[in-house]
Amino acid sequence: MTVSENTNNIHIQQISKSSYLNQSTATPAELRNALRLHGLSPAKVESFDTQKKRALAQLRSKSSDIEKYVFLAWLRNTNVRLFYGLVSDQLEETLPLIYTPTVGTACQNYSSIYPFLAPPGQPDGLFLSINDLPNLTQIIQNYKPYPQNPELTPQIAVITDGSRILGLGDLGVGGMGIPVGKLQLYVAGAGIDPRRTIPITLDLGTNNEDKLKDEFYLGLRQKRVGDDQFFPFVDAGTGAVILAGFMNAINLAGIPAKEHKILFFGAGSAAVGVAKQLAAYFVNDHGMSEDEAREMVWLVDSKGLVTLDRGDRLAEHKLYFARKDNSGSQYPDIASVIEHVRPTALFGLSSQSGAFSEQVLKSMAGLNERPIVFPLSNPAYQAECSFEQAMVHTKGKVIFASGTAFPKYTDPNTGLISAPGQGNNMYIFPGLGLGGILAQPDTISDRLIYSAARACANALTVEERSQGLLYPVLPRIRQVSAEVAAALVAESVAEGTARNEEAIKLVKTHDKNALLKFVTSNMWTTNEVEEEITTFAPHL
Ligand code: NAD
């Protein structure tokens, strides 16, 4: 065998075995012959559309969401083009299956479903255990889900230690569902090349007794090293999407920005992180001083209104927003706090289902023409109220966004259908990731995140605005991601951190359309699979 024949054979084997390049039943006849696949599948050569149609029918035939999750994971790990083709066509149906809320169930059951997510040898993500530290470099090099392109180094990694998963607590190695799921959103939402993403789970053990006792648990069977505050931060992408919705909510509420009073029910790291981003918005966009912005926020925790003189020792992160204008009075529950503060906006980040009761919602509607109510706790069963409850008890006045998707509401009297806003991370972080890849700043600063939030808020079309939406409709996600990425690139050039010369030159021309075109042309699409086959093996 000559060297070129040998190389050819290697190419052939790699293409036929690659979940990226092998198109299964859509492989054209001549390629089947060249790849020596003839006879290994039925004779019919199908169109991509037929493949997607069948996959959708199969998906819909599954009776539970977790079965659908497993089906989609298998598809992603065996036929990348078909998976992303299906997801992109059916975003509204598939996103809740590949990410929240179903990913929560998947993480809880990860060890049981793991062998059915991918064929043996096809990694679902990279697992790094505490025992791997001495061999880290080698292990990272082992991660080659698409071995035919060794030069395609990862551009984006999402990392979890599994300790705080979506309000479901410590799920140990099961946390892998999150980086895997998020990176799928990066690909579907912003066209980041799937081959350049790397989901990582740091297995540091688990403090979850049920997992430690579970015979199928696949992670390290030991208590977590260190404490479970290993990463005590709120995902700044997360806060940005809430900020984007709030920017549009303020416009709808119809009262001057300075008159808003924002009550956070829940004063954990998530609430304080979001509150700080909102305060920064009032400083940046409404010319307030830092003190003025801080005073627009009230926090409530399990002991009531967070005040400096409440008598207990406040956790460090609560101090910044702790009130000192309460004249010695304390307010132990949400009803008394609402009466005292008279808020225009109520945010829920407490994981206390039903906390925004009929009485609370009626009080908000009594105080405001258009009350802003954002029950943001995840998953849906921990949300402070549902969209339907918010609509019913405010008589349809509410401006609403939640952490997880709620069904649309049909007014029983008028038949009018209203759609809830969902502070879906999908609106920001894929675009943020793409913008980061294109601008290449060393870090993503608060300014960059802020510019992404503003771009997302501004991405609403006239029609979406007229419908009172806070976020664009999901099928437009690629356009929204392009706007977000372009805004990040422009801001990165403005703050002097961008390193990509092409992007820097473009931004300096002040031609927004050219910048958007540049961003869009860098988005991966399923068409690239065919192009890749030709580039990779032009002789075929
Ligand atoms: P956490 O446990 O650190 O904080 C919870 C807070 O709620 C604490 O301050 C606690 O005192 C308070 N609380 C609990 N019971 C209460 C009660 N009965 N009355 C008043 N306050 C009460 O959790 P966290 O990490 O800050 O996350 C909180 C929630 O926010 C979770 O459900 C999480 O899923 C959700 N979250 C949502 C998003 C989003 O984008 N929608 C982003 C981040 C977090």
# chains A, B, ... in the order shown; residues from 1 in each chain; ligands from 1
$ residues_around --residues "Leu40 in chain A" --least-positions-apart "6" --cutoff "12 Å" --atoms "only C-alpha atoms" --output "PDB file with N, CA and C atoms, in the first residue's frame"
ATOM      1  N   SER A  16     -16.176   7.981   7.958  1.00  0.00           N
ATOM      2  CA  SER A  16     -17.304   7.086   8.194  1.00  0.00           C
ATOM      3  C   SER A  16     -17.586   6.924   9.675  1.00  0.00           C
ATOM      4  N   SER A  24     -25.043   9.530   7.770  1.00  0.00           N
ATOM      5  CA  SER A  24     -25.961   8.407   7.891  1.00  0.00           C
ATOM      6  C   SER A  24     -26.773   8.220   6.609  1.00  0.00           C
ATOM      7  N   THR A  25     -28.084   8.140   6.706  1.00  0.00           N
ATOM      8  CA  THR A  25     -28.915   7.814   5.536  1.00  0.00           C
ATOM      9  C   THR A  25     -28.905   8.904   4.461  1.00  0.00           C
ATOM     10  N   THR A  27     -26.098  10.135   3.283  1.00  0.00           N
ATOM     11  CA  THR A  27     -24.807  10.069   2.572  1.00  0.00           C
ATOM     12  C   THR A  27     -25.051   9.748   1.097  1.00  0.00           C
ATOM     13  N   ALA A  29     -24.769   8.486  -2.773  1.00  0.00           N
ATOM     14  CA  ALA A  29     -24.323   7.167  -3.242  1.00  0.00           C
ATOM     15  C   ALA A  29     -22.822   7.136  -3.529  1.00  0.00           C
ATOM     16  N   ARG A  32     -20.903   7.002  -0.430  1.00  0.00           N
ATOM     17  CA  ARG A  32     -21.017   5.667   0.191  1.00  0.00           C
ATOM     18  C   ARG A  32     -20.012   4.718  -0.441  1.00  0.00           C
ATOM     19  N   ASN A  33     -19.884   4.808  -1.792  1.00  0.00           N
ATOM     20  CA  ASN A  33     -18.934   3.932  -2.463  1.00  0.00           C
ATOM     21  C   ASN A  33     -17.516   4.259  -2.029  1.00  0.00           C
TER      22      ASN A  33
END
$ residues_near_ligand --ligand "ligand 1" --cutoff "9 Å" --atoms "only C-alpha atoms and all ligand atoms" --output "number ranges by chain"
A: 164-168, 232-235, 237-242, 264-274, 299-305, 318, 333-334, 348-352, 355, 374-380, 382-383, 401-404, 422-425
$ closest_residue --among "A:Ala253, A:Gly421, A:Asn326, A:Leu278" --to "Thr344 in chain A" --atoms "only C-alpha atoms"
A:Ala253
$ residues_around --residues "Leu35 in chain A" --least-positions-apart "4" --cutoff "8 Å" --atoms "only C-alpha atoms" --output "number ranges by chain"
A: 12-13, 15-16, 31
$ write_last_selection --atoms "C-alpha atoms" --output "short mmCIF file (atom, residue, chain, number, x, y, z; two decimals), in the first residue's frame"
data_model
loop_
_atom_site.label_atom_id
_atom_site.label_comp_id
_atom_site.auth_asym_id
_atom_site.auth_seq_id
_atom_site.Cartn_x
_atom_site.Cartn_y
_atom_site.Cartn_z
CA ILE A 12 -12.15 7.18 4.78
CA GLN A 13 -12.23 5.52 8.16
CA ILE A 15 -15.19 10.19 7.88
CA SER A 16 -17.30 7.09 8.19
CA LEU A 31 -19.69 8.98 -1.10
#
$ closest_residue --among "A:Val493, A:Leu470, A:Ala365, A:Leu416" --to "Lys508 in chain A" --atoms "only C-alpha atoms"
A:Val493
$ select_by_dssp --residues "range 181-412 of chain A" --states "alpha helix (DSSP H)" --output "ChimeraX atom specification"
/A:181-190,209-213,236-253,269-286,290-294,334-341,358-367,387-393
$ atom_distance --atom1 "CA of Glu290 in chain A" --atom2 "CA of Val341 in chain A"
19.8 Å
$ residues_around --residues "range 135-149 of chain A" --least-positions-apart "6" --cutoff "9 Å" --atoms "only C-alpha atoms" --output "ChimeraX atom specification"
/A:11,14-15,18-21,77,121-128,195,198,536
$ select_by_dssp --residues "range 359-529 of chain A" --states "strand (DSSP E)" --output "PDB file with N, CA and C atoms, in the first residue's frame"
ATOM      1  N   ILE A 372     -44.176  45.214  37.911  1.00  0.00           N
ATOM      2  CA  ILE A 372     -43.170  44.322  37.319  1.00  0.00           C
ATOM      3  C   ILE A 372     -42.968  43.166  38.297  1.00  0.00           C
ATOM      4  N   VAL A 373     -43.233  41.953  37.846  1.00  0.00           N
ATOM      5  CA  VAL A 373     -43.072  40.781  38.719  1.00  0.00           C
ATOM      6  C   VAL A 373     -42.233  39.741  37.979  1.00  0.00           C
ATOM      7  N   PHE A 374     -41.054  39.463  38.519  1.00  0.00           N
ATOM      8  CA  PHE A 374     -40.137  38.499  37.906  1.00  0.00           C
ATOM      9  C   PHE A 374     -39.872  37.353  38.905  1.00  0.00           C
ATOM     10  N   PRO A 375     -40.680  36.284  38.879  1.00  0.00           N
ATOM     11  CA  PRO A 375     -40.356  35.134  39.751  1.00  0.00           C
ATOM     12  C   PRO A 375     -39.273  34.299  39.071  1.00  0.00           C
ATOM     13  N   ILE A 399     -46.260  42.960  34.297  1.00  0.00           N
ATOM     14  CA  ILE A 399     -45.154  42.832  33.331  1.00  0.00           C
ATOM     15  C   ILE A 399     -44.294  41.717  33.900  1.00  0.00           C
ATOM     16  N   PHE A 400     -44.216  40.614  33.174  1.00  0.00           N
ATOM     17  CA  PHE A 400     -43.765  39.362  33.783  1.00  0.00           C
ATOM     18  C   PHE A 400     -42.579  38.748  33.055  1.00  0.00           C
ATOM     19  N   ALA A 401     -41.630  38.252  33.822  1.00  0.00           N
ATOM     20  CA  ALA A 401     -40.602  37.362  33.251  1.00  0.00           C
ATOM     21  C   ALA A 401     -40.244  36.342  34.322  1.00  0.00           C
ATOM     22  N   SER A 402     -39.984  35.119  33.890  1.00  0.00           N
ATOM     23  CA  SER A 402     -39.673  34.068  34.855  1.00  0.00           C
ATOM     24  C   SER A 402     -38.337  33.429  34.499  1.00  0.00           C
ATOM     25  N   TYR A 409     -50.966  32.414  28.447  1.00  0.00           N
ATOM     26  CA  TYR A 409     -52.211  32.531  29.215  1.00  0.00           C
ATOM     27  C   TYR A 409     -53.323  33.055  28.304  1.00  0.00           C
ATOM     28  N   THR A 410     -54.454  32.374  28.343  1.00  0.00           N
ATOM     29  CA  THR A 410     -55.603  32.832  27.561  1.00  0.00           C
ATOM     30  C   THR A 410     -56.635  33.426  28.508  1.00  0.00           C
ATOM     31  N   ILE A 417     -54.628  36.045  24.050  1.00  0.00           N
ATOM     32  CA  ILE A 417     -53.525  35.179  24.499  1.00  0.00           C
ATOM     33  C   ILE A 417     -52.302  36.042  24.818  1.00  0.00           C
ATOM     34  N   SER A 418     -51.739  35.858  26.014  1.00  0.00           N
ATOM     35  CA  SER A 418     -50.527  36.602  26.384  1.00  0.00           C
ATOM     36  C   SER A 418     -49.371  35.629  26.582  1.00  0.00           C
ATOM     37  N   GLY A 421     -42.697  36.499  29.527  1.00  0.00           N
ATOM     38  CA  GLY A 421     -41.285  36.671  29.202  1.00  0.00           C
ATOM     39  C   GLY A 421     -40.505  35.589  29.934  1.00  0.00           C
ATOM     40  N   GLN A 422     -39.488  35.070  29.286  1.00  0.00           N
ATOM     41  CA  GLN A 422     -38.609  34.135  30.005  1.00  0.00           C
ATOM     42  C   GLN A 422     -37.189  34.647  29.957  1.00  0.00           C
TER      43      GLN A 422
END
$ closest_residue --among "A:Phe406, A:Tyr281, A:Tyr186, A:Phe347" --to "Tyr450 in chain A" --atoms "only C-alpha atoms"
A:Tyr281
$ atom_distance --atom1 "CA of Leu474 in chain A" --atom2 "CA of Leu460 in chain A"
11.3 Å
$ atom_distance --atom1 "CA of Asp411 in chain A" --atom2 "CA of Pro475 in chain A"
25.0 Å
$ closest_residue --among "A:Leu37, A:Ala405, A:Leu82, A:Ala157" --to "Ala419 in chain A" --atoms "only C-alpha atoms"
A:Ala405
$ residues_around --residues "range 293-295 of chain A" --least-positions-apart "6" --cutoff "12 Å" --atoms "only C-alpha atoms" --output "number ranges by chain"
A: 257-263, 272, 275-287, 319-325, 341
